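**Q** Got a structure here, written out as structure tokens. Questions coming.
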Amino acid sequence: MDNDIILLDCPVCGEETDFEILKDPPEAVVKCTVCGHVMRVTLKEPKVLTVKAVVSYGNDSHTGTIDLIEGDMITVGDYLVAEVGDESFSVEITSIEENNARRQKLPAEKIEVLWTRLVDQVIIRASLNKGAITIPLYENVEGNKVYTVDHITSVGGRQFRVTRIKLRKGNIITRKDKTAEAHEIKRIYGERS
């Protein structure tokens, strides 16, 4: 049977290394996998914090929870799992709230509310140009669906060639064969071929 491995500072190696757990916590005996140094350490179970989460999907929002580990640093853009009722969803953190103020980064224990958006399923938005007319298109897709510049795709039942992709971060992809996943995309632009 394999022993569990944890990451600790090794006093012999002088750096953080993997340690094999020889005797289970709380008074654990561990062995450095690099130099073989054996030492006793007190390990405690991390405290799990349940934080309120607002999960947005399109125009709908639902309140749920996200479990965090005390001491973890949470940052806008992190991907976590939110529980809403009996269901679990993959979400991206869009904002962090502490004392009615929005933050970009906070330790888990200071967070009051996590504002998130669903990334399992996303609504992809596209603008299809047909001469002087632009047609707005929408479709519900898997968050990991890949779209590629200069390739034929279909959104809302209409086929077109992707000319550029605007990302949620603000940058625009225009180079042929460059890709983005649906959860990263703000809008796809295309032309009828």
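Chain labels run A, B, ... following the order of the structure tokens; each chain numbers its residues from 1, and ligands are numbered from 1 in the order shown.
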If you run DSSP on this backbone, which residues of chain A come out as strand (DSSP E or B), and could you give them as a PDB file with C-alpha atoms, in the first residue's frame?

**A**
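For reference, out12.pdb as written:
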ATOM      1  CA  ILE A   5       2.541  12.349   0.210  1.00  0.00           C
ATOM      2  CA  ILE A   6       2.456  15.925   1.567  1.00  0.00           C
ATOM      3  CA  LEU A   7       4.479  19.055   0.817  1.00  0.00           C
ATOM      4  CA  LEU A   8       6.656  20.403   3.678  1.00  0.00           C
ATOM      5  CA  ASP A   9       9.842  22.424   4.200  1.00  0.00           C
ATOM      6  CA  CYS A  10      12.777  20.028   4.618  1.00  0.00           C
ATOM      7  CA  GLU A  15      13.491  23.805   0.408  1.00  0.00           C
ATOM      8  CA  GLU A  16       9.909  22.617   0.101  1.00  0.00           C
ATOM      9  CA  THR A  17       9.819  18.930  -0.908  1.00  0.00           C
ATOM     10  CA  ASP A  18       7.487  15.940  -0.956  1.00  0.00           C
ATOM     11  CA  PHE A  19       7.305  13.957   2.292  1.00  0.00           C
ATOM     12  CA  GLU A  20       5.948  10.437   2.648  1.00  0.00           C
ATOM     13  CA  ILE A  21       3.659  10.009   5.691  1.00  0.00           C
ATOM     14  CA  LEU A  22       4.951   7.033   7.698  1.00  0.00           C
ATOM     15  CA  LYS A  23       2.653   7.504  10.723  1.00  0.00           C
ATOM     16  CA  GLU A  27       1.364  13.445  15.447  1.00  0.00           C
ATOM     17  CA  ALA A  28       2.708  12.297  12.084  1.00  0.00           C
ATOM     18  CA  VAL A  29       6.094  10.844  11.211  1.00  0.00           C
ATOM     19  CA  VAL A  30       7.223  11.890   7.727  1.00  0.00           C
ATOM     20  CA  LYS A  31      10.173  11.104   5.464  1.00  0.00           C
ATOM     21  CA  CYS A  32      11.628  13.443   2.814  1.00  0.00           C
ATOM     22  CA  VAL A  38      12.707  11.607   8.913  1.00  0.00           C
ATOM     23  CA  MET A  39      10.954  13.945  11.358  1.00  0.00           C
ATOM     24  CA  ARG A  40       7.846  14.305  13.525  1.00  0.00           C
ATOM     25  CA  VAL A  41       5.278  16.973  12.658  1.00  0.00           C
ATOM     26  CA  THR A  42       1.867  17.937  13.982  1.00  0.00           C
ATOM     27  CA  VAL A  48     -13.510  24.059   5.697  1.00  0.00           C
ATOM     28  CA  LEU A  49     -15.416  27.338   5.335  1.00  0.00           C
ATOM     29  CA  THR A  50     -18.775  27.500   3.570  1.00  0.00           C
ATOM     30  CA  VAL A  51     -19.142  30.826   1.756  1.00  0.00           C
ATOM     31  CA  LYS A  52     -22.253  32.298   0.126  1.00  0.00           C
ATOM     32  CA  ALA A  53     -22.046  32.305  -3.682  1.00  0.00           C
ATOM     33  CA  VAL A  54     -24.181  34.057  -6.277  1.00  0.00           C
ATOM     34  CA  VAL A  55     -24.136  31.933  -9.441  1.00  0.00           C
ATOM     35  CA  SER A  56     -25.064  33.802 -12.639  1.00  0.00           C
ATOM     36  CA  TYR A  57     -26.097  32.213 -15.890  1.00  0.00           C
ATOM     37  CA  ASP A  60     -30.563  34.408 -14.126  1.00  0.00           C
ATOM     38  CA  SER A  61     -28.822  34.290 -10.747  1.00  0.00           C
ATOM     39  CA  HIS A  62     -29.139  31.746  -7.972  1.00  0.00           C
ATOM     40  CA  THR A  63     -27.752  31.711  -4.441  1.00  0.00           C
ATOM     41  CA  GLY A  64     -25.663  28.763  -3.350  1.00  0.00           C
ATOM     42  CA  THR A  65     -22.472  27.975  -1.453  1.00  0.00           C
ATOM     43  CA  ILE A  66     -18.829  27.209  -2.139  1.00  0.00           C
ATOM     44  CA  ASP A  67     -16.595  25.311   0.294  1.00  0.00           C
ATOM     45  CA  LEU A  68     -13.144  26.853   0.774  1.00  0.00           C
ATOM     46  CA  ILE A  69     -10.145  25.863   2.875  1.00  0.00           C
ATOM     47  CA  MET A  73      -6.064  32.784  -1.319  1.00  0.00           C
ATOM     48  CA  ILE A  74      -9.037  33.210  -3.666  1.00  0.00           C
ATOM     49  CA  THR A  75      -8.646  35.383  -6.782  1.00  0.00           C
ATOM     50  CA  TYR A  79     -12.505  28.143 -11.059  1.00  0.00           C
ATOM     51  CA  LEU A  80     -14.380  26.447  -8.194  1.00  0.00           C
ATOM     52  CA  VAL A  81     -17.404  24.216  -7.602  1.00  0.00           C
ATOM     53  CA  ALA A  82     -20.627  25.829  -6.352  1.00  0.00           C
ATOM     54  CA  GLU A  83     -23.519  23.971  -4.720  1.00  0.00           C
ATOM     55  CA  VAL A  84     -27.003  25.283  -5.537  1.00  0.00           C
ATOM     56  CA  GLU A  87     -26.750  20.352  -7.792  1.00  0.00           C
ATOM     57  CA  SER A  88     -23.052  21.146  -8.290  1.00  0.00           C
ATOM     58  CA  PHE A  89     -21.741  23.524 -10.954  1.00  0.00           C
ATOM     59  CA  SER A  90     -18.323  24.563 -12.222  1.00  0.00           C
ATOM     60  CA  VAL A  91     -18.065  28.346 -11.835  1.00  0.00           C
ATOM     61  CA  GLU A  92     -15.584  31.160 -12.434  1.00  0.00           C
ATOM     62  CA  ILE A  93     -15.119  33.809  -9.729  1.00  0.00           C
ATOM     63  CA  THR A  94     -16.057  37.219 -11.187  1.00  0.00           C
ATOM     64  CA  SER A  95     -15.955  39.265  -7.963  1.00  0.00           C
ATOM     65  CA  ILE A  96     -15.171  38.834  -4.265  1.00  0.00           C
ATOM     66  CA  GLU A  97     -17.092  40.750  -1.587  1.00  0.00           C
ATOM     67  CA  GLU A  98     -15.855  41.829   1.849  1.00  0.00           C
ATOM     68  CA  ALA A 101     -16.669  46.249  -1.115  1.00  0.00           C
ATOM     69  CA  ARG A 102     -15.468  44.295  -4.143  1.00  0.00           C
ATOM     70  CA  ARG A 103     -11.967  42.816  -4.078  1.00  0.00           C
ATOM     71  CA  LYS A 105      -8.111  38.735  -4.158  1.00  0.00           C
ATOM     72  CA  LEU A 106      -8.750  37.701  -0.531  1.00  0.00           C
ATOM     73  CA  PRO A 107      -7.949  34.880   1.895  1.00  0.00           C
ATOM     74  CA  VAL A 113     -19.831  36.569  -0.859  1.00  0.00           C
ATOM     75  CA  LEU A 114     -18.367  35.128  -4.049  1.00  0.00           C
ATOM     76  CA  TRP A 115     -19.933  36.408  -7.267  1.00  0.00           C
ATOM     77  CA  THR A 116     -19.589  33.793  -9.982  1.00  0.00           C
ATOM     78  CA  ARG A 117     -20.697  32.775 -13.435  1.00  0.00           C
ATOM     79  CA  LEU A 118     -21.502  29.290 -14.635  1.00  0.00           C
ATOM     80  CA  GLN A 121     -22.905  25.691 -19.714  1.00  0.00           C
ATOM     81  CA  VAL A 122     -22.599  29.147 -21.269  1.00  0.00           C
ATOM     82  CA  ILE A 123     -24.586  31.228 -23.700  1.00  0.00           C
ATOM     83  CA  ILE A 124     -22.388  31.924 -26.690  1.00  0.00           C
ATOM     84  CA  ARG A 125     -23.107  35.199 -28.492  1.00  0.00           C
ATOM     85  CA  ALA A 126     -22.224  35.723 -32.128  1.00  0.00           C
ATOM     86  CA  SER A 127     -22.612  38.507 -34.697  1.00  0.00           C
ATOM     87  CA  LEU A 128     -23.014  37.242 -38.235  1.00  0.00           C
ATOM     88  CA  ASN A 129     -22.351  39.802 -40.995  1.00  0.00           C
ATOM     89  CA  LYS A 130     -24.246  39.359 -44.257  1.00  0.00           C
ATOM     90  CA  ILE A 133     -26.810  43.400 -42.198  1.00  0.00           C
ATOM     91  CA  THR A 134     -25.584  42.040 -38.873  1.00  0.00           C
ATOM     92  CA  ILE A 135     -27.568  39.178 -37.357  1.00  0.00           C
ATOM     93  CA  PRO A 136     -27.230  38.527 -33.593  1.00  0.00           C
ATOM     94  CA  LEU A 137     -27.070  34.815 -32.716  1.00  0.00           C
ATOM     95  CA  TYR A 138     -27.252  33.013 -29.359  1.00  0.00           C
ATOM     96  CA  GLU A 139     -26.804  29.394 -28.365  1.00  0.00           C
ATOM     97  CA  ASN A 140     -26.452  27.403 -25.148  1.00  0.00           C
ATOM     98  CA  VAL A 141     -23.212  25.345 -25.356  1.00  0.00           C
ATOM     99  CA  GLU A 142     -20.803  23.404 -23.152  1.00  0.00           C
ATOM    100  CA  VAL A 146     -13.704  25.253 -28.773  1.00  0.00           C
ATOM    101  CA  TYR A 147     -14.124  27.913 -31.479  1.00  0.00           C
ATOM    102  CA  THR A 148     -11.383  28.588 -34.049  1.00  0.00           C
ATOM    103  CA  ILE A 152     -16.671  27.154 -40.173  1.00  0.00           C
ATOM    104  CA  THR A 153     -18.898  26.923 -37.087  1.00  0.00           C
ATOM    105  CA  SER A 154     -22.572  27.014 -36.251  1.00  0.00           C
ATOM    106  CA  VAL A 155     -24.341  29.200 -33.670  1.00  0.00           C
ATOM    107  CA  ARG A 158     -26.617  29.246 -38.767  1.00  0.00           C
ATOM    108  CA  GLN A 159     -23.288  28.283 -40.276  1.00  0.00           C
ATOM    109  CA  PHE A 160     -20.568  30.872 -40.858  1.00  0.00           C
ATOM    110  CA  ARG A 161     -16.800  31.389 -40.942  1.00  0.00           C
ATOM    111  CA  VAL A 162     -15.329  32.844 -37.713  1.00  0.00           C
ATOM    112  CA  THR A 163     -13.437  36.085 -38.492  1.00  0.00           C
ATOM    113  CA  ARG A 164     -12.503  37.087 -34.925  1.00  0.00           C
ATOM    114  CA  ILE A 165     -13.227  36.223 -31.301  1.00  0.00           C
ATOM    115  CA  LYS A 166     -13.551  38.796 -28.511  1.00  0.00           C
ATOM    116  CA  LEU A 167     -12.554  37.388 -25.126  1.00  0.00           C
ATOM    117  CA  ILE A 172      -9.470  40.013 -29.604  1.00  0.00           C
ATOM    118  CA  ILE A 173      -8.215  36.924 -31.435  1.00  0.00           C
ATOM    119  CA  THR A 179      -8.781  29.051 -30.585  1.00  0.00           C
ATOM    120  CA  ALA A 180     -10.781  29.898 -27.466  1.00  0.00           C
ATOM    121  CA  GLU A 181     -13.137  27.907 -25.257  1.00  0.00           C
ATOM    122  CA  ILE A 185     -15.600  34.196 -25.100  1.00  0.00           C
ATOM    123  CA  LYS A 186     -17.598  37.412 -24.949  1.00  0.00           C
ATOM    124  CA  ARG A 187     -18.628  37.392 -28.647  1.00  0.00           C
ATOM    125  CA  ILE A 188     -17.787  35.593 -31.877  1.00  0.00           C
ATOM    126  CA  TYR A 189     -17.802  37.569 -35.128  1.00  0.00           C
ATOM    127  CA  GLY A 190     -18.316  35.880 -38.455  1.00  0.00           C
ATOM    128  CA  GLU A 191     -19.288  36.152 -42.097  1.00  0.00           C
TER     129      GLU A 191
END

**Q** Rounded to one decimal in Å, what is the spacing between CA of Asp150 (chain A) and CA of Lys176 (chain A)?

**A** 5.4 Å

**Q** Go through A:Val76, A:Gly85, A:Gly58, A:Asp4 one by one, measure the shortest atom-to-atom distance of each to Thr33 (chain A) using only C-alpha atoms, and give the residue with the smallest value.

**A** A:Asp4

**Q** Could you tell me how far CA of Asp78 (chain A) lies from CA of Lys178 (chain A), in Å and to one decimal?

**A** 23.2 Å

**Q** Which residue, A:His151, A:Asp86, A:Arg192, A:Asn100, has the smallest gap to Ala132 (chain A) when you use only C-alpha atoms?

**A**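 Answer, going by the shortest atom-to-atom distance: A:Arg192.
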
**Q** Quick one, how far is CA of Lys44 (chain A) from CA of Pro25 (chain A)?

**A**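 Going from CA of Lys44 (chain A) over to CA of Pro25 (chain A) covers 7.2 Å.
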